[in-house]
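Enquirer: The structure is given below, and queries will be raised subsequently.
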Amino acid sequence: MSDFVSDFVSDSVSDSEGFVPVAGGRLWAQAAGEGTGVVLVHAGIADARMWDPQWEALAARHRVVRYDTRGFGRSETADVPFANWADLVAVMDAAGLDRAVAVGCSRGGSIALDAVLELPDRFSGLVWVCSGVGGLKTIASPLELELDARDEALFEAKDWEAVADLDVARWVDGPGQPAGRAPEAIRAFVRQMDLETLVAEEPTGQPIALDPPAAGRLAEIAVPVMAIVGLLDGSSTAQAADVLVAGVARARRIDLPGVAHLPNLERPEWFTDTLLGFLAEVGWV
């Protein structure tokens, strides 16, 4: 990734990086390559850097853009109402993408799903990775409820180092997995991204939920959807994937054993090849 350009603000994103102005803020984004569009949306414990393993391969074949969502990484926002799906489309506009395949992990997958529902003419497919479905109520295990309570207490205490450690244990290793199950390089990379966002304590704005939410609208989705589930991830991911695949006519699910919440980092070569294969399948070449 090239150096951060702190003073570049434009209505378009060059083949390096810059800021996209949005109501009440600005979004750091990077675009590269030529051809059909791909937009990448990061997880809630990461920022746009999580897509580093896929970036060059995608840029060699497509016009690809990634960005930091509000409250994360280098993006900035005032405490204003906004829609995450609208921010995603603003980044697409700035990168010159009339249409794209959306790829989102965790929180990013939910944002991408909402965008596909709100502006179906702008998307040709969706890759939903270890994510959720807006408005869906899932059932947490006793361990997950305990982790939620610990996380809430640490947030209230602003013990950001401990929050980052818990996030790595829960989402990178997987709930109930031995500490250090995932490779140390991945654990350290995610912890760095997570901690940088936590300690900054930047405003996150007031995200507006999609109304009606995605859970009751899945039948509206006509484009192909690929759902990827890490089998060491939390139980809500598999529950949401079940609902997504049952509700979308052209959806399919891939389960990955031995992988938790971030398959593109744990299995980067497999993920890149699978993503490029999906893009070819939907005619996105």
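The chains in the structure tokens are called A, B, ... from first to last as shown; in each chain the residues are counted from 1, and the ligands are counted from 1 in the order shown.
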Show which residues sit within 9 Å of Val80 of chain A, as a list of chain:residue names. Count only C-alpha atoms, and ignore same-chain residues fewer than 3 positions away.
Expert: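 Listed by chain and then number, they are A:Ala23, A:Gly24, A:Gly25, A:Thr77, A:Thr204, A:Gly205, A:Gln206, A:Pro207.
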Enquirer: Can you list, as a list in words, every protein, DNA or RNA residue that comes within 9 Å of Gly71 of chain A when you count only C-alpha atoms, leaving out same-chain residues fewer than 3 positions away?
Expert: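 Answer for this query is Asp68, Arg74, Ser75, Glu76, Thr77, Thr197, Glu201, Glu202, Pro203, Thr204 and Gly205 of chain A.
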Enquirer: Taking into account only C-alpha atoms, which residue in the set A:Val127, A:Ala100, A:Ala164, A:Val64 is nearest to Gly44 of chain A?
Expert: A:Ala164
Enquirer: Considering only C-alpha atoms, tabulate each residue of segment 114-144 of chain A that lies at most 9 Å from segment 94-98 of chain A along with its nearest interatomic pair and the corresponding distance in Å to one decimal; arrange the rows by chain and ascending residue number and present them as JSON lines.
Expert:
{"residue": "A:Asp121", "atom": "CA", "partner": "A:Asp98", "partner_atom": "CA", "distance": 9.0}
{"residue": "A:Arg122", "atom": "CA", "partner": "A:Asp98", "partner_atom": "CA", "distance": 6.2}
{"residue": "A:Phe123", "atom": "CA", "partner": "A:Asp98", "partner_atom": "CA", "distance": 8.5}
Enquirer: I need the strand (DSSP E or B) residues of segment 194-269 of chain A per DSSP on the backbone, written as a list in words.
Expert: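 Result set for segment 194-269 of chain A (strand (DSSP E or B)): Gln206, Pro207, Val225, Met226, Ala227, Ile228, Val229, Gly230, Ala251, Arg252, Arg253, Ile254, Asp255 and Leu256 of chain A.
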Enquirer: Using only C-alpha atoms, which residues sit within 6 Å of segment 46-56 of chain A once same-chain residues fewer than 6 positions away are excluded, as a PyMOL selection string?
Expert: chain A and resi 66-68+73+193-194+272
Enquirer: Residues within 12 Å of segment 147-158 of chain A, please, as a list in words. Count only C-alpha atoms; anything in the same chain fewer than 4 positions from it doesn't count.
Expert: Ala140, Ser141, Pro142, Leu143, Ala162, Val163, Ala164, Asp165, Leu166, Asp167, Val168, Ala169, Arg170, Trp171, Gly174, Pro175, Gly176, Leu195, Leu198, Val199, Ala200, Glu201 and Gly234 of chain A
Enquirer: Restricting the output to N, CA and C atoms, write the selected residues as an mmCIF file, in the first residue's frame.
Expert:
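The resulting file, out35.cif, is reproduced below:
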data_model
loop_
_atom_site.group_PDB
_atom_site.id
_atom_site.type_symbol
_atom_site.label_atom_id
_atom_site.label_comp_id
_atom_site.auth_asym_id
_atom_site.auth_seq_id
_atom_site.Cartn_x
_atom_site.Cartn_y
_atom_site.Cartn_z
ATOM 1 N N ALA A 140 -27.185 -16.922 20.446
ATOM 2 C CA ALA A 140 -25.794 -17.029 20.874
ATOM 3 C C ALA A 140 -25.629 -18.181 21.856
ATOM 4 N N SER A 141 -24.456 -18.792 21.830
ATOM 5 C CA SER A 141 -24.138 -19.847 22.792
ATOM 6 C C SER A 141 -23.812 -19.210 24.146
ATOM 7 N N PRO A 142 -23.820 -20.000 25.233
ATOM 8 C CA PRO A 142 -23.422 -19.455 26.538
ATOM 9 C C PRO A 142 -22.025 -18.835 26.517
ATOM 10 N N LEU A 143 -21.082 -19.467 25.817
ATOM 11 C CA LEU A 143 -19.745 -18.898 25.726
ATOM 12 C C LEU A 143 -19.774 -17.545 25.026
ATOM 13 N N ALA A 162 -6.875 -4.644 26.135
ATOM 14 C CA ALA A 162 -7.596 -5.874 26.484
ATOM 15 C C ALA A 162 -8.709 -6.156 25.483
ATOM 16 N N VAL A 163 -9.371 -5.103 24.997
ATOM 17 C CA VAL A 163 -10.399 -5.298 23.978
ATOM 18 C C VAL A 163 -9.786 -5.932 22.732
ATOM 19 N N ALA A 164 -8.650 -5.400 22.301
ATOM 20 C CA ALA A 164 -7.990 -5.945 21.113
ATOM 21 C C ALA A 164 -7.571 -7.396 21.324
ATOM 22 N N ASP A 165 -7.076 -7.707 22.511
ATOM 23 C CA ASP A 165 -6.696 -9.099 22.800
ATOM 24 C C ASP A 165 -7.910 -10.021 22.740
ATOM 25 N N LEU A 166 -9.027 -9.564 23.311
ATOM 26 C CA LEU A 166 -10.243 -10.369 23.285
ATOM 27 C C LEU A 166 -10.760 -10.534 21.865
ATOM 28 N N ASP A 167 -10.699 -9.462 21.082
ATOM 29 C CA ASP A 167 -11.146 -9.537 19.690
ATOM 30 C C ASP A 167 -10.337 -10.562 18.907
ATOM 31 N N VAL A 168 -9.034 -10.561 19.115
ATOM 32 C CA VAL A 168 -8.184 -11.527 18.410
ATOM 33 C C VAL A 168 -8.522 -12.955 18.832
ATOM 34 N N ALA A 169 -8.698 -13.154 20.143
ATOM 35 C CA ALA A 169 -9.018 -14.497 20.624
ATOM 36 C C ALA A 169 -10.352 -14.970 20.077
ATOM 37 N N ARG A 170 -11.334 -14.076 20.040
ATOM 38 C CA ARG A 170 -12.688 -14.472 19.635
ATOM 39 C C ARG A 170 -12.833 -14.607 18.127
ATOM 40 N N TRP A 171 -12.299 -13.646 17.389
ATOM 41 C CA TRP A 171 -12.589 -13.590 15.964
ATOM 42 C C TRP A 171 -11.486 -14.164 15.085
ATOM 43 N N GLY A 174 -10.997 -17.839 17.091
ATOM 44 C CA GLY A 174 -12.329 -18.433 17.111
ATOM 45 C C GLY A 174 -12.779 -18.685 18.544
ATOM 46 N N PRO A 175 -14.060 -18.483 18.837
ATOM 47 C CA PRO A 175 -14.543 -18.665 20.207
ATOM 48 C C PRO A 175 -14.316 -20.091 20.698
ATOM 49 N N GLY A 176 -13.704 -20.199 21.877
ATOM 50 C CA GLY A 176 -13.449 -21.517 22.453
ATOM 51 C C GLY A 176 -12.228 -22.210 21.908
ATOM 52 N N LEU A 195 -6.572 -2.276 17.206
ATOM 53 C CA LEU A 195 -6.132 -1.392 18.277
ATOM 54 C C LEU A 195 -5.991 0.051 17.794
ATOM 55 N N LEU A 198 -9.388 1.482 17.885
ATOM 56 C CA LEU A 198 -9.901 1.614 19.250
ATOM 57 C C LEU A 198 -9.285 2.803 19.978
ATOM 58 N N VAL A 199 -7.964 2.930 19.946
ATOM 59 C CA VAL A 199 -7.300 3.978 20.713
ATOM 60 C C VAL A 199 -7.579 5.367 20.137
ATOM 61 N N ALA A 200 -7.907 5.435 18.848
ATOM 62 C CA ALA A 200 -8.210 6.737 18.254
ATOM 63 C C ALA A 200 -9.489 7.333 18.825
ATOM 64 N N GLU A 201 -10.425 6.473 19.229
ATOM 65 C CA GLU A 201 -11.706 6.915 19.795
ATOM 66 C C GLU A 201 -12.373 7.982 18.926
ATOM 67 N N GLY A 234 -18.048 -17.769 15.095
ATOM 68 C CA GLY A 234 -19.179 -17.780 16.009
ATOM 69 C C GLY A 234 -20.431 -18.360 15.378
#
Enquirer: Pick out the residues sitting within 9 Å of Arg107 of chain A, and hand them over as a PDB file with C-alpha atoms, in the first residue's frame; count only C-alpha atoms, and ignore anything fewer than 6 positions along from it in its own chain.
Expert:
ATOM      1  CA  VAL A  41     -15.726  -3.780   2.507  1.00  0.00           C
ATOM      2  CA  HIS A  42     -13.719  -4.649   5.610  1.00  0.00           C
ATOM      3  CA  ALA A  43     -14.622  -6.372   8.870  1.00  0.00           C
ATOM      4  CA  GLY A  44     -15.402  -4.567  12.115  1.00  0.00           C
ATOM      5  CA  ILE A  45     -12.092  -5.607  13.706  1.00  0.00           C
ATOM      6  CA  CYS A 130     -18.622 -14.648   7.733  1.00  0.00           C
ATOM      7  CA  SER A 131     -21.209 -11.930   8.023  1.00  0.00           C
ATOM      8  CA  GLY A 132     -24.748 -11.233   9.166  1.00  0.00           C
TER       9      GLY A 132
END
Enquirer: With distances taken over only C-alpha atoms, which residue among A:Ala59, A:Leu218, A:Ala31, A:Ile208 lies nearest Ala86 of chain A?
Expert: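 Of the candidates, the smallest distance to Ala86 of chain A is held by A:Ile208.
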Enquirer: Calculate how many Å separate atom CA of Gln192 of chain A from atom CA of Gly258 of chain A, rounding to one decimal.
Expert: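 Interatomic distance, atom CA of Gln192 of chain A to atom CA of Gly258 of chain A: 23.0 Å.
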Enquirer: Could you tell me which of A:Leu210, A:Ala185, A:Trp128, A:Ile139 comes closest to Ala241 of chain A if we count only C-alpha atoms?
Expert: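 That would be A:Trp128, the residue with the smallest distance to Ala241 of chain A.
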Enquirer: Identify all residues of segment 104-194 of chain A in helix (DSSP H, G or I) (DSSP on the backbone) and supply them as a PyMOL selection string.
Expert: chain A and resi 107-118+120-122+142-157+160-173+184-194
Enquirer: Counting only C-alpha atoms, which residue out of A:Leu117, A:Leu58, A:Met226, A:Ala29 sits closest to Asp255 of chain A?
Expert: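 Once distances to Asp255 of chain A are computed over only C-alpha atoms, the minimum belongs to A:Met226.
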Enquirer: Between A:Ala32, A:Ile186, A:Leu136, A:Ile221, which has the minimum distance to Ala115 of chain A (counting only C-alpha atoms)?
Expert: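 Residue with the minimum atom-to-atom distance to Ala115 of chain A: A:Ile221.
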Enquirer: Between atom CA of Leu88 of chain A and atom CA of Val101 of chain A, what is the distance in Å, rounded to a tenth?
Expert: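 Separation between atom CA of Leu88 of chain A and atom CA of Val101 of chain A: 11.9 Å.
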Enquirer: Got a sec: who's within 9 Å of segment 246-249 of chain A, counting only C-alpha atoms, leaving out chain neighbours fewer than 6 positions off, as a PyMOL selection string?
Expert: chain A and resi 215-225
Enquirer: May I have the selected residues written with C-alpha atoms, as a PDB file, in the first residue's frame?
Expert:
ATOM      1  CA  ALA A 215     -33.856 -10.297   6.662  1.00  0.00           C
ATOM      2  CA  GLY A 216     -37.333  -9.763   5.216  1.00  0.00           C
ATOM      3  CA  ARG A 217     -36.186  -8.782   1.725  1.00  0.00           C
ATOM      4  CA  LEU A 218     -33.807 -11.521   0.600  1.00  0.00           C
ATOM      5  CA  ALA A 219     -36.158 -12.710  -2.152  1.00  0.00           C
ATOM      6  CA  GLU A 220     -35.565  -9.362  -3.887  1.00  0.00           C
ATOM      7  CA  ILE A 221     -31.943 -10.276  -4.640  1.00  0.00           C
ATOM      8  CA  ALA A 222     -31.602 -11.486  -8.222  1.00  0.00           C
ATOM      9  CA  VAL A 223     -27.805 -11.490  -8.569  1.00  0.00           C
ATOM     10  CA  PRO A 224     -25.560 -14.453  -7.691  1.00  0.00           C
ATOM     11  CA  VAL A 225     -24.451 -14.639  -4.074  1.00  0.00           C
TER      12      VAL A 225
END
Enquirer: Could you work out how far atom CA of Ala280 of chain A lies from atom CA of Ala90 of chain A, giving the answer in Å with one decimal?
Expert: 25.3 Å
